[in-house]
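Peer 1: Here you go, query-v4.cif (mmCIF, N, CA and C atoms):
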data_work
loop_
_atom_site.label_atom_id
_atom_site.label_comp_id
_atom_site.auth_asym_id
_atom_site.auth_seq_id
_atom_site.Cartn_x
_atom_site.Cartn_y
_atom_site.Cartn_z
N MET R 9 122.54 -93.69 1.75
CA MET R 9 123.83 -93.12 1.40
C MET R 9 123.80 -91.60 1.50
N ALA R 10 122.62 -91.05 1.69
CA ALA R 10 122.49 -89.61 1.79
C ALA R 10 122.53 -89.14 3.24
N GLY R 11 122.79 -90.05 4.16
CA GLY R 11 122.90 -89.65 5.56
C GLY R 11 121.71 -90.05 6.41
N GLY R 12 120.73 -90.74 5.84
CA GLY R 12 119.58 -91.20 6.60
C GLY R 12 119.95 -92.40 7.45
N SER R 13 119.01 -92.83 8.25
CA SER R 13 119.31 -93.99 9.10
C SER R 13 118.11 -94.92 9.14
N GLY R 14 117.74 -95.42 7.99
CA GLY R 14 116.64 -96.36 7.93
C GLY R 14 115.73 -96.06 6.75
N VAL R 15 114.77 -96.93 6.55
CA VAL R 15 113.84 -96.78 5.44
C VAL R 15 112.44 -97.06 5.93
N GLU R 16 111.51 -96.24 5.50
CA GLU R 16 110.11 -96.50 5.74
C GLU R 16 109.39 -96.30 4.42
N TRP R 17 108.62 -97.29 4.01
CA TRP R 17 107.91 -97.20 2.73
C TRP R 17 106.49 -96.70 2.97
N TYR R 18 106.08 -95.71 2.19
CA TYR R 18 104.70 -95.22 2.18
C TYR R 18 104.22 -95.30 0.75
N PHE R 19 103.13 -95.98 0.52
CA PHE R 19 102.68 -96.23 -0.85
C PHE R 19 101.64 -95.25 -1.34
N GLY R 20 101.22 -94.33 -0.51
CA GLY R 20 100.29 -93.30 -0.94
C GLY R 20 98.83 -93.71 -0.84
N SER R 21 97.97 -92.74 -1.05
CA SER R 21 96.53 -92.98 -0.93
C SER R 21 95.79 -92.69 -2.22
N LYS R 22 96.51 -92.40 -3.30
CA LYS R 22 95.87 -92.03 -4.56
C LYS R 22 95.82 -93.17 -5.56
N PHE R 23 96.03 -94.38 -5.10
CA PHE R 23 96.06 -95.55 -5.98
C PHE R 23 95.02 -96.57 -5.52
N PRO R 24 94.54 -97.39 -6.43
CA PRO R 24 93.58 -98.41 -6.02
C PRO R 24 94.18 -99.43 -5.05
N HIS R 25 95.49 -99.55 -5.01
CA HIS R 25 96.17 -100.49 -4.11
C HIS R 25 96.97 -99.71 -3.07
N MET R 26 96.29 -98.77 -2.40
CA MET R 26 96.97 -97.91 -1.42
C MET R 26 97.30 -98.66 -0.14
N ASP R 27 97.98 -97.96 0.78
CA ASP R 27 98.41 -98.58 2.03
C ASP R 27 97.27 -99.22 2.82
N ILE R 28 96.14 -98.56 2.88
CA ILE R 28 95.06 -99.02 3.76
C ILE R 28 94.36 -100.26 3.23
N ASN R 29 94.19 -100.36 1.92
CA ASN R 29 93.40 -101.47 1.42
C ASN R 29 94.16 -102.44 0.52
N CYS R 30 95.47 -102.37 0.47
CA CYS R 30 96.24 -103.27 -0.37
C CYS R 30 96.21 -104.70 0.19
N GLU R 31 95.73 -105.63 -0.62
CA GLU R 31 95.72 -107.02 -0.22
C GLU R 31 96.61 -107.88 -1.10
N ASP R 32 97.07 -107.34 -2.21
CA ASP R 32 97.93 -108.08 -3.13
C ASP R 32 99.29 -107.38 -3.16
N TRP R 33 100.20 -107.87 -2.35
CA TRP R 33 101.50 -107.21 -2.20
C TRP R 33 102.43 -107.44 -3.39
N ARG R 34 101.99 -108.20 -4.37
CA ARG R 34 102.79 -108.39 -5.58
C ARG R 34 102.98 -107.08 -6.33
N SER R 35 102.11 -106.10 -6.09
CA SER R 35 102.26 -104.79 -6.74
C SER R 35 103.54 -104.09 -6.25
N ARG R 36 104.11 -104.56 -5.15
CA ARG R 36 105.33 -103.98 -4.60
C ARG R 36 106.56 -104.84 -4.87
N ASP R 37 106.42 -105.88 -5.66
CA ASP R 37 107.48 -106.87 -5.88
C ASP R 37 108.81 -106.26 -6.32
N HIS R 38 108.77 -105.37 -7.29
CA HIS R 38 110.01 -104.75 -7.80
C HIS R 38 110.72 -103.96 -6.71
N MET R 39 109.95 -103.24 -5.89
CA MET R 39 110.55 -102.45 -4.82
C MET R 39 111.21 -103.35 -3.78
N TRP R 40 110.58 -104.48 -3.47
CA TRP R 40 111.18 -105.40 -2.50
C TRP R 40 112.51 -105.93 -3.03
N ASP R 41 112.55 -106.25 -4.33
CA ASP R 41 113.81 -106.73 -4.94
C ASP R 41 114.90 -105.68 -4.83
N GLN R 42 114.58 -104.43 -5.16
CA GLN R 42 115.60 -103.37 -5.10
C GLN R 42 116.08 -103.15 -3.67
N THR R 43 115.19 -103.25 -2.71
CA THR R 43 115.58 -103.11 -1.30
C THR R 43 116.53 -104.24 -0.91
N ARG R 44 116.23 -105.46 -1.34
CA ARG R 44 117.10 -106.61 -1.05
C ARG R 44 118.48 -106.42 -1.67
N HIS R 45 118.54 -105.94 -2.91
CA HIS R 45 119.84 -105.70 -3.56
C HIS R 45 120.65 -104.66 -2.80
N ALA R 46 120.00 -103.60 -2.35
CA ALA R 46 120.71 -102.56 -1.59
C ALA R 46 121.27 -103.13 -0.28
N LEU R 47 120.45 -103.90 0.42
CA LEU R 47 120.92 -104.51 1.67
C LEU R 47 122.09 -105.46 1.43
N GLN R 48 122.01 -106.25 0.39
CA GLN R 48 123.10 -107.18 0.08
C GLN R 48 124.39 -106.43 -0.22
N PHE R 49 124.30 -105.33 -0.96
CA PHE R 49 125.49 -104.52 -1.26
C PHE R 49 126.10 -103.96 0.02
N PHE R 50 125.28 -103.36 0.87
CA PHE R 50 125.79 -102.77 2.10
C PHE R 50 126.44 -103.82 2.99
N HIS R 51 125.80 -104.95 3.16
CA HIS R 51 126.34 -105.98 4.05
C HIS R 51 127.58 -106.67 3.48
N ALA R 52 127.65 -106.82 2.18
CA ALA R 52 128.79 -107.52 1.58
C ALA R 52 130.02 -106.64 1.42
N TYR R 53 129.83 -105.35 1.12
CA TYR R 53 130.97 -104.54 0.67
C TYR R 53 131.29 -103.30 1.49
N LEU R 54 130.43 -102.89 2.41
CA LEU R 54 130.66 -101.62 3.10
C LEU R 54 130.75 -101.77 4.61
N PRO R 55 131.71 -101.06 5.24
CA PRO R 55 131.71 -100.96 6.70
C PRO R 55 130.81 -99.78 7.09
N PHE R 56 129.52 -99.89 6.80
CA PHE R 56 128.61 -98.74 6.82
C PHE R 56 128.51 -98.04 8.16
N VAL R 57 128.76 -98.73 9.26
CA VAL R 57 128.71 -98.05 10.56
C VAL R 57 129.90 -97.12 10.75
N GLU R 58 130.94 -97.29 9.94
CA GLU R 58 132.13 -96.44 10.01
C GLU R 58 132.14 -95.38 8.91
N MET R 59 131.09 -95.31 8.11
CA MET R 59 131.06 -94.40 6.96
C MET R 59 130.12 -93.23 7.21
N HIS R 60 130.27 -92.20 6.40
CA HIS R 60 129.37 -91.05 6.48
C HIS R 60 129.12 -90.50 5.08
N ALA R 61 128.01 -89.79 4.95
CA ALA R 61 127.68 -89.16 3.67
C ALA R 61 128.58 -87.95 3.48
N ASP R 62 129.15 -87.82 2.27
CA ASP R 62 129.98 -86.66 1.94
C ASP R 62 129.92 -86.41 0.44
N ASN R 63 128.86 -85.77 0.01
CA ASN R 63 128.65 -85.50 -1.41
C ASN R 63 129.63 -84.47 -1.98
N SER R 64 130.36 -83.80 -1.11
CA SER R 64 131.35 -82.82 -1.59
C SER R 64 132.56 -83.52 -2.22
N LEU R 65 132.68 -84.83 -2.07
CA LEU R 65 133.82 -85.55 -2.62
C LEU R 65 133.69 -85.82 -4.11
N THR R 66 132.50 -85.63 -4.69
CA THR R 66 132.30 -85.91 -6.11
C THR R 66 132.02 -84.62 -6.87
N SER R 67 132.24 -84.68 -8.18
CA SER R 67 132.05 -83.50 -9.02
C SER R 67 130.60 -83.33 -9.46
N SER R 68 129.80 -84.36 -9.39
CA SER R 68 128.40 -84.29 -9.81
C SER R 68 127.54 -83.75 -8.68
N THR R 69 126.47 -83.07 -9.04
CA THR R 69 125.54 -82.58 -8.02
C THR R 69 124.33 -83.51 -7.88
N SER R 70 124.29 -84.57 -8.67
CA SER R 70 123.13 -85.46 -8.62
C SER R 70 123.47 -86.86 -8.09
N ASP R 71 124.68 -87.06 -7.61
CA ASP R 71 125.03 -88.37 -7.06
C ASP R 71 125.10 -88.31 -5.54
N PHE R 72 125.35 -89.45 -4.93
CA PHE R 72 125.46 -89.55 -3.48
C PHE R 72 126.73 -90.33 -3.16
N CYS R 73 127.54 -89.77 -2.25
CA CYS R 73 128.79 -90.41 -1.88
C CYS R 73 128.76 -90.78 -0.40
N PHE R 74 129.10 -92.03 -0.13
CA PHE R 74 129.17 -92.56 1.22
C PHE R 74 130.62 -93.00 1.41
N ALA R 75 131.29 -92.50 2.45
CA ALA R 75 132.74 -92.66 2.51
C ALA R 75 133.27 -93.06 3.88
N LYS R 76 134.31 -93.88 3.82
CA LYS R 76 135.26 -94.06 4.91
C LYS R 76 136.56 -93.58 4.29
N PRO R 77 136.86 -92.27 4.45
CA PRO R 77 137.94 -91.64 3.70
C PRO R 77 139.26 -92.41 3.75
N GLY R 78 139.85 -92.53 2.55
CA GLY R 78 141.12 -93.21 2.41
C GLY R 78 141.02 -94.72 2.36
N GLU R 79 139.80 -95.26 2.53
CA GLU R 79 139.62 -96.71 2.59
C GLU R 79 138.61 -97.21 1.56
N VAL R 80 137.36 -96.74 1.68
CA VAL R 80 136.29 -97.23 0.80
C VAL R 80 135.25 -96.13 0.57
N TYR R 81 134.77 -96.06 -0.66
CA TYR R 81 133.77 -95.07 -1.08
C TYR R 81 132.70 -95.80 -1.90
N ALA R 82 131.45 -95.44 -1.66
CA ALA R 82 130.35 -95.92 -2.50
C ALA R 82 129.72 -94.68 -3.11
N VAL R 83 129.66 -94.64 -4.44
CA VAL R 83 129.09 -93.49 -5.14
C VAL R 83 127.87 -93.99 -5.90
N TYR R 84 126.70 -93.51 -5.50
CA TYR R 84 125.46 -93.89 -6.18
C TYR R 84 125.14 -92.84 -7.23
N LEU R 85 124.99 -93.31 -8.46
CA LEU R 85 124.68 -92.44 -9.60
C LEU R 85 123.24 -92.76 -10.05
N PRO R 86 122.24 -92.05 -9.52
CA PRO R 86 120.85 -92.39 -9.82
C PRO R 86 120.48 -92.21 -11.29
N ASP R 87 121.18 -91.36 -12.00
CA ASP R 87 120.90 -91.13 -13.41
C ASP R 87 121.98 -91.71 -14.31
N GLY R 88 122.80 -92.60 -13.78
CA GLY R 88 123.88 -93.21 -14.55
C GLY R 88 125.00 -92.22 -14.79
N GLY R 89 125.80 -92.49 -15.81
CA GLY R 89 126.90 -91.61 -16.16
C GLY R 89 128.14 -91.86 -15.33
N THR R 90 128.84 -90.78 -15.06
CA THR R 90 130.10 -90.88 -14.33
C THR R 90 130.28 -89.64 -13.46
N THR R 91 131.35 -89.59 -12.73
CA THR R 91 131.70 -88.45 -11.89
C THR R 91 133.18 -88.52 -11.59
N GLN R 92 133.69 -87.50 -10.93
CA GLN R 92 135.04 -87.54 -10.41
C GLN R 92 134.96 -87.62 -8.90
N LEU R 93 135.92 -88.31 -8.31
CA LEU R 93 135.96 -88.52 -6.87
C LEU R 93 137.27 -87.96 -6.33
N LYS R 94 137.17 -87.15 -5.30
CA LYS R 94 138.36 -86.57 -4.66
C LYS R 94 138.94 -87.59 -3.69
N LEU R 95 140.16 -88.04 -3.98
CA LEU R 95 140.80 -89.10 -3.20
C LEU R 95 142.07 -88.61 -2.51
N PRO R 96 142.38 -89.16 -1.34
CA PRO R 96 143.70 -88.92 -0.75
C PRO R 96 144.74 -89.80 -1.45
N ALA R 97 145.99 -89.63 -1.09
CA ALA R 97 147.06 -90.41 -1.71
C ALA R 97 146.82 -91.90 -1.55
N GLY R 98 147.19 -92.64 -2.58
CA GLY R 98 147.08 -94.09 -2.53
C GLY R 98 146.53 -94.67 -3.80
N ALA R 99 146.53 -95.99 -3.85
CA ALA R 99 145.99 -96.73 -4.99
C ALA R 99 144.59 -97.22 -4.63
N TYR R 100 143.68 -97.20 -5.60
CA TYR R 100 142.30 -97.59 -5.39
C TYR R 100 141.80 -98.46 -6.54
N ALA R 101 140.96 -99.42 -6.21
CA ALA R 101 140.28 -100.25 -7.20
C ALA R 101 138.88 -99.68 -7.42
N VAL R 102 138.35 -99.87 -8.63
CA VAL R 102 137.00 -99.40 -8.96
C VAL R 102 136.20 -100.60 -9.47
N ARG R 103 135.05 -100.84 -8.85
CA ARG R 103 134.14 -101.88 -9.30
C ARG R 103 132.72 -101.30 -9.28
N TRP R 104 131.83 -101.94 -10.00
CA TRP R 104 130.46 -101.43 -10.16
C TRP R 104 129.45 -102.47 -9.67
N TYR R 105 128.39 -101.96 -9.07
CA TYR R 105 127.29 -102.81 -8.59
C TYR R 105 126.00 -102.34 -9.24
N ASP R 106 125.24 -103.30 -9.74
CA ASP R 106 123.96 -103.01 -10.40
C ASP R 106 122.84 -103.08 -9.36
N PRO R 107 122.30 -101.94 -8.92
CA PRO R 107 121.26 -101.96 -7.89
C PRO R 107 119.91 -102.44 -8.41
N ARG R 108 119.76 -102.56 -9.72
CA ARG R 108 118.50 -103.02 -10.30
C ARG R 108 118.38 -104.54 -10.26
N SER R 109 119.51 -105.24 -10.42
CA SER R 109 119.44 -106.70 -10.45
C SER R 109 120.38 -107.37 -9.46
N GLY R 110 121.17 -106.61 -8.72
CA GLY R 110 122.08 -107.19 -7.74
C GLY R 110 123.21 -107.95 -8.42
N GLY R 111 123.72 -108.95 -7.74
CA GLY R 111 124.78 -109.77 -8.30
C GLY R 111 126.16 -109.38 -7.80
N VAL R 112 127.16 -109.81 -8.55
CA VAL R 112 128.55 -109.59 -8.16
C VAL R 112 129.03 -108.23 -8.66
N LEU R 113 130.15 -107.78 -8.11
CA LEU R 113 130.80 -106.56 -8.59
C LEU R 113 131.30 -106.78 -10.01
N GLN R 114 131.27 -105.71 -10.81
CA GLN R 114 131.67 -105.79 -12.20
C GLN R 114 132.73 -104.75 -12.52
N LEU R 115 133.50 -105.00 -13.55
CA LEU R 115 134.49 -104.04 -14.04
C LEU R 115 133.83 -103.07 -15.00
N GLY R 116 134.20 -101.80 -14.86
CA GLY R 116 133.77 -100.78 -15.80
C GLY R 116 134.94 -100.38 -16.68
N THR R 117 134.93 -99.13 -17.14
CA THR R 117 135.99 -98.68 -18.03
C THR R 117 137.28 -98.32 -17.30
N VAL R 118 137.21 -98.12 -15.98
CA VAL R 118 138.39 -97.82 -15.16
C VAL R 118 138.47 -98.88 -14.06
N ALA R 119 139.60 -99.58 -13.96
CA ALA R 119 139.76 -100.62 -12.95
C ALA R 119 140.54 -100.12 -11.73
N ARG R 120 141.46 -99.17 -11.95
CA ARG R 120 142.31 -98.67 -10.86
C ARG R 120 142.52 -97.16 -11.01
N MET R 121 142.71 -96.51 -9.87
CA MET R 121 143.01 -95.07 -9.83
C MET R 121 144.08 -94.84 -8.77
N THR R 122 144.77 -93.73 -8.90
CA THR R 122 145.76 -93.34 -7.91
C THR R 122 145.49 -91.91 -7.49
N GLY R 123 145.46 -91.67 -6.18
CA GLY R 123 145.30 -90.33 -5.63
C GLY R 123 146.64 -89.80 -5.21
N PRO R 124 146.75 -88.53 -4.87
CA PRO R 124 145.64 -87.67 -4.47
C PRO R 124 145.08 -86.86 -5.63
N GLY R 125 143.87 -86.33 -5.38
CA GLY R 125 143.24 -85.44 -6.33
C GLY R 125 141.91 -85.97 -6.83
N ASN R 126 141.31 -85.19 -7.73
CA ASN R 126 140.05 -85.59 -8.35
C ASN R 126 140.34 -86.57 -9.47
N ARG R 127 139.72 -87.73 -9.42
CA ARG R 127 139.95 -88.78 -10.40
C ARG R 127 138.62 -89.24 -10.98
N ALA R 128 138.59 -89.45 -12.30
CA ALA R 128 137.40 -89.96 -12.97
C ALA R 128 137.21 -91.43 -12.62
N ILE R 129 135.99 -91.80 -12.23
CA ILE R 129 135.73 -93.19 -11.87
C ILE R 129 135.40 -94.05 -13.09
N GLY R 130 135.26 -93.44 -14.26
CA GLY R 130 134.96 -94.18 -15.47
C GLY R 130 133.46 -94.42 -15.63
N MET R 131 133.13 -95.30 -16.56
CA MET R 131 131.74 -95.61 -16.87
C MET R 131 131.41 -97.02 -16.39
N PRO R 132 130.14 -97.26 -16.07
CA PRO R 132 129.74 -98.61 -15.67
C PRO R 132 129.87 -99.60 -16.82
N PRO R 133 129.80 -100.89 -16.54
CA PRO R 133 130.03 -101.91 -17.56
C PRO R 133 128.95 -102.00 -18.64
N ALA R 134 127.74 -101.51 -18.37
CA ALA R 134 126.64 -101.59 -19.33
C ALA R 134 125.58 -100.56 -18.95
N ASP R 135 124.68 -100.30 -19.86
CA ASP R 135 123.53 -99.43 -19.59
C ASP R 135 123.92 -98.16 -18.81
N PRO R 136 124.78 -97.33 -19.37
CA PRO R 136 125.30 -96.17 -18.62
C PRO R 136 124.24 -95.13 -18.29
N GLN R 137 123.05 -95.22 -18.87
CA GLN R 137 121.98 -94.27 -18.57
C GLN R 137 121.18 -94.69 -17.33
N ASP R 138 121.38 -95.92 -16.85
CA ASP R 138 120.66 -96.43 -15.69
C ASP R 138 121.45 -96.17 -14.42
N ASP R 139 120.80 -96.35 -13.28
CA ASP R 139 121.49 -96.12 -12.01
C ASP R 139 122.50 -97.23 -11.73
N TRP R 140 123.61 -96.83 -11.12
CA TRP R 140 124.71 -97.73 -10.76
C TRP R 140 125.34 -97.25 -9.45
N VAL R 141 126.05 -98.16 -8.80
CA VAL R 141 126.87 -97.81 -7.63
C VAL R 141 128.31 -98.14 -7.97
N ALA R 142 129.18 -97.15 -7.82
CA ALA R 142 130.62 -97.39 -7.98
C ALA R 142 131.21 -97.62 -6.59
N LEU R 143 131.93 -98.72 -6.46
CA LEU R 143 132.66 -99.02 -5.24
C LEU R 143 134.13 -98.70 -5.51
N VAL R 144 134.67 -97.73 -4.81
CA VAL R 144 136.07 -97.33 -4.95
C VAL R 144 136.74 -97.61 -3.61
N CYS R 145 137.77 -98.44 -3.65
CA CYS R 145 138.37 -98.87 -2.39
C CYS R 145 139.83 -99.25 -2.57
N LYS R 146 140.52 -99.37 -1.45
CA LYS R 146 141.89 -99.87 -1.48
C LYS R 146 141.87 -101.29 -2.05
N PRO R 147 142.86 -101.66 -2.85
CA PRO R 147 142.88 -103.01 -3.40
C PRO R 147 142.79 -104.10 -2.32
N ALA R 148 143.40 -103.88 -1.16
CA ALA R 148 143.34 -104.87 -0.08
C ALA R 148 141.90 -105.05 0.41
N TRP R 149 141.13 -103.96 0.43
CA TRP R 149 139.72 -104.04 0.83
C TRP R 149 138.95 -104.90 -0.16
N LEU R 150 139.22 -104.68 -1.43
CA LEU R 150 138.55 -105.45 -2.48
C LEU R 150 138.94 -106.93 -2.41
N ASP R 151 140.21 -107.19 -2.15
CA ASP R 151 140.67 -108.57 -2.01
C ASP R 151 139.95 -109.28 -0.87
N LYS R 152 139.72 -108.54 0.21
CA LYS R 152 139.10 -109.12 1.39
C LYS R 152 137.59 -109.23 1.26
N HIS R 153 136.96 -108.22 0.64
CA HIS R 153 135.49 -108.15 0.61
C HIS R 153 134.89 -108.30 -0.77
N GLY R 154 135.71 -108.27 -1.81
CA GLY R 154 135.19 -108.26 -3.18
C GLY R 154 134.60 -109.56 -3.66
N ARG R 155 134.86 -110.62 -2.98
CA ARG R 155 134.31 -111.94 -3.31
C ARG R 155 134.46 -112.23 -4.76
#
Let's see the structure in the file written out as C-alpha cells.
Peer 2:
Amino acid sequence: MAGGSGVEWYFGSKFPHMDINCEDWRSRDHMWDQTRHALQFFHAYLPFVEMHADNSLTSSTSDFCFAKPGEVYAVYLPDGGTTQLKLPAGAYAVRWYDPRSGGVLQLGTVARMTGPGNRAIGMPPADPQDDWVALVCKPAWLDKHGR
C-alpha cells in the first residue's frame, strides 16, 4: 500500500533459525498467516491494479493510503487509531478489515461519510490500539464487493 510492487521476506542472520539453516518453518507461521490475510483483502475488495499510493489524502503521518480516487480507498493504520480522509463529492461507506486475523469486513463507529472535504473515518470495531485497514468506498462498490 506504500507503492511497492511485491514482497520478499528476509529473516536475518542473527537468529538460531536464520535463512541459511532454518529447517523448521513453523517459526514463520504467524507471518505466513498475516501475508495470507493481506492477499485475501486485496483480492476480495480492491481493484489494486487501478490504485496508487497517496498518503497525502489522510491527516495522519503514520498511515498508508491506497486509492482509486472517488471510488475506493484502503487506509492502513499500523498503530491503530483513526485519521481523516480527503474525499471528493459523493457518498461513501466505511468498513474495517482486521489484518491480524482476516475475516469479513466489519462496522466501526462510522458507517457512512459524505464528501467533499476531510472526513473522519471513525474508530475500528475493537482493539483500537492494534493495526486495522479501513475500506472507504462508494456504496455500490461495497454492494458489489463487500460480500
Peer 1: Nearest residue to Trp104 (chain R) out of R:Pro147, R:Pro132, R:Pro55, R:Pro77, using all atoms listed in the file?
Peer 2: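 Counting all atoms listed in the file, the residue closest to Trp104 (chain R) is R:Pro132.
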Peer 1: Rank R:Ser64, R:Ser35, R:Gln137, R:Ser21 by their smallest atom-to-atom distance to Asp87 (chain R), using all atoms listed in the file, and report the top residue only.
Peer 2: R:Gln137
Peer 1: What is the atom N of Tyr81 (chain R)-atom N of Cys145 (chain R) distance in Å, reported with one decimal?
Peer 2: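 Interatomic distance, atom N of Tyr81 (chain R) to atom N of Cys145 (chain R): 4.9 Å.
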Peer 1: Running DSSP on the backbone, which parts of chain R land in strand (DSSP E), as a ChimeraX atom specification?
Peer 2: /R:60-61,72-76,80-85,92-105,120-128,140-145
Peer 1: My list of candidates is R:Trp33, R:Arg127, R:Met59, R:Trp140. Which is closest to Thr91 (chain R) when distances are computed with all atoms listed in the file?
Peer 2: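 Selected residue with least distance to Thr91 (chain R): R:Arg127.
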Peer 1: Quick one, how far is CA of Pro107 (chain R) from atom N of Asp37 (chain R)?
Peer 2: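 Interatomic distance here is 15.5 Å.
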Peer 1: To one decimal in Å, tell me the separation between CA of Glu58 (chain R) and CA of Gly111 (chain R).
Peer 2: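 CA of Gly111 (chain R) lies at a distance of 23.8 Å from CA of Glu58 (chain R).
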Peer 1: Given 8 Å on each side, where is the centre and what are the edge lengths in Å to one decimal of the axis-aligned box enclosing the listed atoms of region 44-49 of chain R, as lines of an AutoDock Vina configuration file?
Peer 2:
center_x = 121.2
center_y = -104.9
center_z = -0.9
size_x = 25.9
size_y = 20.6
size_z = 21.2
Peer 1: Would you kindly return, as a list of chain:residue names, each protein, DNA or RNA residue with an atom no farther than 9 Å from any atom of Ser109 (chain R), considering only C-alpha atoms and excluding same-chain residues fewer than 2 positions away?
Peer 2: R:Asp41, R:Gln42, R:His45, R:Tyr105, R:Asp106, R:Pro107, R:Gly111
Peer 1: Write out as a list in words the residues lying within 6.5 Å of Gly125 (chain R), counting only N, CA and C atoms and excluding same-chain residues fewer than 6 positions away.
Peer 2: Leu93, Lys94, Leu95, Pro96 and Ala97 of chain R
Peer 1: To test your reading of the syntax: which residues would the PyMOL selection byres ((chain R and resi 85) around 6) return for the file shown? Reply as a list in words.
Peer 2: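 So the PyMOL selection byres ((chain R and resi 85) around 6), applied here, picks out Ser70, Asp71, Phe72, Val83, Tyr84, Pro86, Asp87, Gly88, Asp138, Asp139, Trp140, Val141 and Ala142 of chain R.
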Peer 1: Which one is closest to Ser67 (chain R): R:Arg120, R:Thr90, R:Ala99, R:Asn29? Count all atoms listed in the file.
Peer 2: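 Nearest to Ser67 (chain R): R:Thr90.
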Peer 1: Give me the residues near Lys146 (chain R) as a ChimeraX atom specification, where near means some atom within 10 Å (using only C-alpha atoms) and where sequence neighbours in that chain fewer than 6 positions away do not count.
Peer 2: /R:78-81,98-102,120-122
Peer 1: Taking the file as shown, find all residues satisfying the PyMOL selection byres (((chain R and resi 116 and name CA) around 9) and name CA) and write them as an NGL selection string.
Peer 2: :R and (102-104 or 114-115 or 117-119 or 129-134)
Peer 1: From a DSSP calculation on the backbone, collect every residue of chain R in helix (DSSP H, G or I) and output the set as JSON, numbers by chain.
Peer 2: {"R": [33, 34, 35, 36, 37, 38, 39, 40, 41, 42, 43, 44, 45, 46, 47, 48, 49, 50, 51, 52, 53, 56, 57, 58, 63, 64, 65, 147, 148, 149, 150, 151, 152, 153]}
Peer 1: List the neighbours of Asn63 (chain R) out to 8 Å using only N, CA and C atoms; skip same-chain residues closer than 3 positions along the sequence, and give me the result as a list in words.
Peer 2: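 Final neighbour list, sorted by chain and number: Met9, Ala10, His60, Thr66, Ser67, Ser68, Thr69, Asp71, Phe72, Cys73, Phe74 and Ala75 of chain R.
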